[in-house]
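Participant: The structure follows.
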Amino acid sequence: MKSSTEPRGGADCTWVFAYGSLIWDPGFDPQEQVVARLDGWYRRFCLRSLRYRGTFDEPGLVLALDAGEGSYCDGVALAIPPAAEEPVMASIRARELFNPAYREIRAPLQLQDGRVVQAFTYVVNRDHAQYGDFTPAQQAEMIATAAGERGPNVDYLFNTAEHLSKQGIADPMLDRLSAEVRTLQRELT
């Protein structure tokens with residue numbers, strides 16, 4: 001996080017809400033990073049990964065924001081410096097929207113410091129063939145064994161859980177899933 005003497009994101013910045021790999025691999029140097037809450041959505045492993053964290057033969061799972069009445073997701077708001085907005089947003093869109101499994105939305109975020117900003121984020125398209133409602137046991141089994149272009153699916157899970165924890169963001173679902181995947185990994189070796 002930037003110190004209070006450095007420029008802070010504001011009306012001139014474009015904000016992106018990170019809830020998964022963008023937290024630990026945003027692909028750019030944020031002007032500011034702030035823990036934030038997005039209302040009406042929750043983080044879940046509901047999207048088959050056929051490229052980055054799995055293959056067509058052995059799909060992995062990645063996180064998406066799924067709509068839920070009364071739900072919320074805690075994550076990290078990333079401020080894009082104004083001079084970098086166009087190339088950074090193009091890079092994020094190429095990464096997140098390479099197929100229509102995600103949709104881009106803009107929504108208000110409540111930042112931990114009390115500010116409210118409008119931010120881009122990427123939510124699941126429930127009509128896409130890669131969307132699914134998986135039990136915790138199914139999630140663990142898929143994540144424990146899958147790998148894709150960006151590496152093992154377990155790295156995605158463990159990095160996300162670790163970086164949420166470093167930000168002080170509790171996610172009991174990811175903690176339970178991480179423990180289950182570690183158990184499966186021990187059983188598979």
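Chain labels run A, B, ... following the order of the structure tokens; each chain numbers its residues from 1, and ligands are numbered from 1 in the order shown.
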Would you mind listing what lies within 9 Å of Leu174 of chain A as a PyMOL selection string, with only C-alpha atoms counted and same-chain residues fewer than 2 positions away left out?
Facilitator: chain A and resi 44+157-158+160-161+170-172+176-179
Participant: Since we have the selection now, will you write its residues out, keeping C-alpha atoms, as an mmCIF file, in the first residue's frame?
Facilitator:
data_model
loop_
_atom_site.group_PDB
_atom_site.id
_atom_site.type_symbol
_atom_site.label_atom_id
_atom_site.label_comp_id
_atom_site.auth_asym_id
_atom_site.auth_seq_id
_atom_site.Cartn_x
_atom_site.Cartn_y
_atom_site.Cartn_z
ATOM 1 C CA ARG A 44 -16.633 -18.663 -5.532
ATOM 2 C CA LEU A 157 -5.902 -21.261 -4.918
ATOM 3 C CA PHE A 158 -2.982 -21.034 -2.501
ATOM 4 C CA THR A 160 -5.231 -16.158 -3.576
ATOM 5 C CA ALA A 161 -5.822 -17.455 -0.041
ATOM 6 C CA ALA A 170 -10.933 -13.472 5.989
ATOM 7 C CA ASP A 171 -12.316 -16.049 3.573
ATOM 8 C CA PRO A 172 -13.257 -19.228 5.458
ATOM 9 C CA ARG A 176 -11.332 -24.836 4.086
ATOM 10 C CA LEU A 177 -10.770 -25.543 0.400
ATOM 11 C CA SER A 178 -7.006 -25.008 0.766
ATOM 12 C CA ALA A 179 -6.887 -27.501 3.651
#
Participant: Using only C-alpha atoms, I'd like a table of the residues in segment 103-137 of chain A that come within 8 Å of segment 57-81 of chain A; for each, show the closest atom pair and its distance in Å rounded to one decimal, ordered by chain and ascending number, as JSON lines.
Facilitator:
{"residue": "A:Leu109", "atom": "CA", "partner": "A:Ala77", "partner_atom": "CA", "distance": 7.8}
{"residue": "A:Leu111", "atom": "CA", "partner": "A:Ala77", "partner_atom": "CA", "distance": 7.4}
{"residue": "A:Ala119", "atom": "CA", "partner": "A:Ala77", "partner_atom": "CA", "distance": 7.7}
{"residue": "A:Tyr122", "atom": "CA", "partner": "A:Leu65", "partner_atom": "CA", "distance": 7.0}
{"residue": "A:Val123", "atom": "CA", "partner": "A:Leu65", "partner_atom": "CA", "distance": 4.6}
{"residue": "A:Val124", "atom": "CA", "partner": "A:Ala64", "partner_atom": "CA", "distance": 5.4}
Participant: Using only C-alpha atoms, which residues of segment 97-150 of chain A come within 12 Å of segment 186-189 of chain A, and what is the closest atom pair for each, with the distance in Å to one decimal? Give it as a tab-separated table, sorted by chain and residue number.
Facilitator:
residue	atom	partner	partner_atom	distance
A:Glu141	CA	A:Leu188	CA	10.5
A:Ala144	CA	A:Leu188	CA	9.0
A:Thr145	CA	A:Leu188	CA	9.0
Participant: Would you please work out which residue, of A:Ile143, A:Val154, A:Val35, A:Val117, is nearest to Ile23 of chain A when using only C-alpha atoms?
Facilitator: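 Once distances to Ile23 of chain A are computed over only C-alpha atoms, the minimum belongs to A:Val35.
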Participant: Mind checking which residues fall within 12 Å of Val88 of chain A, counting only C-alpha atoms, ignoring those fewer than 3 positions away in the same chain, and posting them as a PyMOL selection string?
Facilitator: chain A and resi 13-16+26-30+78-85+91-95
Participant: Which of these, A:Pro100, A:Gln185, A:Asp12, A:Ala146, has the shortest distance to Tyr131 of chain A once you count only C-alpha atoms?
Facilitator: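 Checking each of A:Pro100, A:Gln185, A:Asp12, A:Ala146 against Tyr131 of chain A, counting only C-alpha atoms, the winner is A:Pro100.
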Participant: Please report, as a PyMOL selection string, each residue of segment 11-108 of chain A to which DSSP assigns alpha helix (DSSP H) when run on this structure's backbone.
Facilitator: chain A and resi 21-24+85-96
Participant: I need the strand (DSSP E) residues of segment 48-165 of chain A per DSSP on the backbone, written as number ranges by chain.
Facilitator: A: 48-49, 60-80, 102-111, 116-124, 147-148, 151-152
Participant: Keeping only N, CA and C atoms, take the residues you just selected and write them out as a compact mmCIF listing (two decimals), in the first residue's frame.
Facilitator:
# COMPACT_ATOMS: atom_id res chain seq x y z
N ARG A 48 -15.06 -23.29 -14.83
CA ARG A 48 -14.05 -24.23 -15.31
C ARG A 48 -12.98 -23.46 -16.08
N SER A 49 -11.73 -23.80 -15.80
CA SER A 49 -10.61 -23.20 -16.52
C SER A 49 -10.09 -24.24 -17.51
N GLY A 60 -9.60 -27.17 -14.77
CA GLY A 60 -9.38 -26.64 -13.43
C GLY A 60 -10.56 -25.75 -13.07
N LEU A 61 -10.43 -25.06 -11.96
CA LEU A 61 -11.47 -24.12 -11.52
C LEU A 61 -10.84 -22.79 -11.16
N VAL A 62 -11.51 -21.71 -11.54
CA VAL A 62 -11.07 -20.39 -11.15
C VAL A 62 -12.24 -19.66 -10.48
N LEU A 63 -11.87 -18.63 -9.79
CA LEU A 63 -12.87 -17.84 -9.07
C LEU A 63 -13.63 -16.92 -10.01
N ALA A 64 -14.83 -16.62 -9.62
CA ALA A 64 -15.64 -15.61 -10.28
C ALA A 64 -16.50 -14.96 -9.21
N LEU A 65 -17.00 -13.80 -9.54
CA LEU A 65 -17.99 -13.17 -8.69
C LEU A 65 -19.35 -13.63 -9.17
N ASP A 66 -20.14 -14.18 -8.27
CA ASP A 66 -21.48 -14.65 -8.58
C ASP A 66 -22.46 -13.79 -7.79
N ALA A 67 -23.57 -13.46 -8.40
CA ALA A 67 -24.56 -12.61 -7.75
C ALA A 67 -25.26 -13.36 -6.63
N GLY A 68 -25.57 -12.65 -5.58
CA GLY A 68 -26.30 -13.23 -4.47
C GLY A 68 -26.91 -12.15 -3.62
N GLU A 69 -28.21 -12.21 -3.43
CA GLU A 69 -28.90 -11.21 -2.62
C GLU A 69 -28.34 -11.21 -1.20
N GLY A 70 -27.98 -10.04 -0.71
CA GLY A 70 -27.44 -9.92 0.64
C GLY A 70 -25.98 -10.33 0.77
N SER A 71 -25.35 -10.72 -0.32
CA SER A 71 -23.96 -11.16 -0.24
C SER A 71 -23.01 -9.99 -0.47
N TYR A 72 -21.74 -10.25 -0.22
CA TYR A 72 -20.69 -9.27 -0.47
C TYR A 72 -19.38 -10.01 -0.66
N CYS A 73 -18.43 -9.31 -1.26
CA CYS A 73 -17.09 -9.85 -1.45
C CYS A 73 -16.09 -8.81 -0.99
N ASP A 74 -15.19 -9.22 -0.11
CA ASP A 74 -14.08 -8.37 0.27
C ASP A 74 -12.90 -8.70 -0.62
N GLY A 75 -12.25 -7.66 -1.13
CA GLY A 75 -11.11 -7.83 -2.02
C GLY A 75 -10.26 -6.58 -1.96
N VAL A 76 -9.60 -6.27 -3.07
CA VAL A 76 -8.68 -5.14 -3.11
C VAL A 76 -9.03 -4.25 -4.29
N ALA A 77 -9.20 -2.96 -4.01
CA ALA A 77 -9.41 -1.96 -5.07
C ALA A 77 -8.04 -1.49 -5.53
N LEU A 78 -7.82 -1.55 -6.84
CA LEU A 78 -6.56 -1.15 -7.44
C LEU A 78 -6.78 0.11 -8.27
N ALA A 79 -6.01 1.16 -7.98
CA ALA A 79 -6.12 2.41 -8.73
C ALA A 79 -5.12 2.39 -9.87
N ILE A 80 -5.62 2.57 -11.07
CA ILE A 80 -4.77 2.64 -12.26
C ILE A 80 -4.35 4.09 -12.45
N TYR A 102 -16.78 -14.42 -18.52
CA TYR A 102 -16.87 -13.29 -17.61
C TYR A 102 -17.56 -12.13 -18.33
N ARG A 103 -18.18 -11.27 -17.52
CA ARG A 103 -18.72 -10.02 -18.02
C ARG A 103 -18.07 -8.89 -17.23
N GLU A 104 -17.81 -7.78 -17.89
CA GLU A 104 -17.28 -6.61 -17.20
C GLU A 104 -18.45 -5.76 -16.73
N ILE A 105 -18.39 -5.37 -15.47
CA ILE A 105 -19.37 -4.43 -14.94
C ILE A 105 -18.62 -3.31 -14.23
N ARG A 106 -19.33 -2.25 -13.96
CA ARG A 106 -18.80 -1.16 -13.14
C ARG A 106 -19.75 -1.02 -11.97
N ALA A 107 -19.19 -1.00 -10.76
CA ALA A 107 -20.03 -1.00 -9.57
C ALA A 107 -19.35 -0.18 -8.46
N PRO A 108 -20.15 0.29 -7.49
CA PRO A 108 -19.56 1.04 -6.38
C PRO A 108 -18.85 0.10 -5.39
N LEU A 109 -17.69 0.53 -4.95
CA LEU A 109 -16.93 -0.18 -3.92
C LEU A 109 -16.85 0.68 -2.68
N GLN A 110 -16.99 0.06 -1.54
CA GLN A 110 -16.76 0.74 -0.26
C GLN A 110 -15.33 0.43 0.13
N LEU A 111 -14.46 1.45 0.09
CA LEU A 111 -13.07 1.25 0.48
C LEU A 111 -12.95 1.22 1.99
N VAL A 116 -15.92 5.84 -1.28
CA VAL A 116 -16.69 5.02 -2.20
C VAL A 116 -16.23 5.40 -3.60
N VAL A 117 -15.86 4.39 -4.40
CA VAL A 117 -15.41 4.63 -5.77
C VAL A 117 -16.16 3.69 -6.71
N GLN A 118 -16.26 4.09 -7.95
CA GLN A 118 -16.79 3.23 -9.00
C GLN A 118 -15.61 2.41 -9.55
N ALA A 119 -15.80 1.11 -9.70
CA ALA A 119 -14.70 0.26 -10.16
C ALA A 119 -15.19 -0.75 -11.18
N PHE A 120 -14.31 -1.08 -12.10
CA PHE A 120 -14.56 -2.18 -13.02
C PHE A 120 -14.27 -3.47 -12.28
N THR A 121 -15.05 -4.49 -12.58
CA THR A 121 -14.77 -5.83 -12.08
C THR A 121 -15.36 -6.83 -13.05
N TYR A 122 -15.03 -8.09 -12.82
CA TYR A 122 -15.39 -9.14 -13.77
C TYR A 122 -16.20 -10.20 -13.05
N VAL A 123 -17.44 -10.37 -13.53
CA VAL A 123 -18.40 -11.27 -12.89
C VAL A 123 -18.71 -12.42 -13.84
N VAL A 124 -19.20 -13.51 -13.27
CA VAL A 124 -19.45 -14.70 -14.06
C VAL A 124 -20.68 -14.52 -14.96
N ALA A 147 -3.87 -28.45 -14.19
CA ALA A 147 -2.82 -27.48 -14.51
C ALA A 147 -3.07 -26.96 -15.92
N GLY A 148 -2.65 -25.73 -16.17
CA GLY A 148 -2.83 -25.12 -17.49
C GLY A 148 -1.65 -24.23 -17.84
N GLY A 151 0.12 -22.58 -15.02
CA GLY A 151 0.62 -23.44 -13.96
C GLY A 151 -0.46 -24.24 -13.27
N PRO A 152 -0.06 -24.91 -12.18
CA PRO A 152 -1.00 -25.76 -11.43
C PRO A 152 -2.15 -24.95 -10.84
Participant: Give the answer as one residue: which of A:Arg150, A:Arg37, A:Arg182, A:Lys166 has the shortest atom-to-atom distance to Leu50 of chain A, using only C-alpha atoms?
Facilitator: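 For Leu50 of chain A, the nearest of the candidates is A:Arg150.
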Participant: Return the single residue from A:Glu149, A:Asp175, A:Tyr52, A:Gly40 that is closest to Glu162 of chain A, with distances computed using only C-alpha atoms.
Facilitator: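 So, comparing all the options, the nearest one is A:Asp175.
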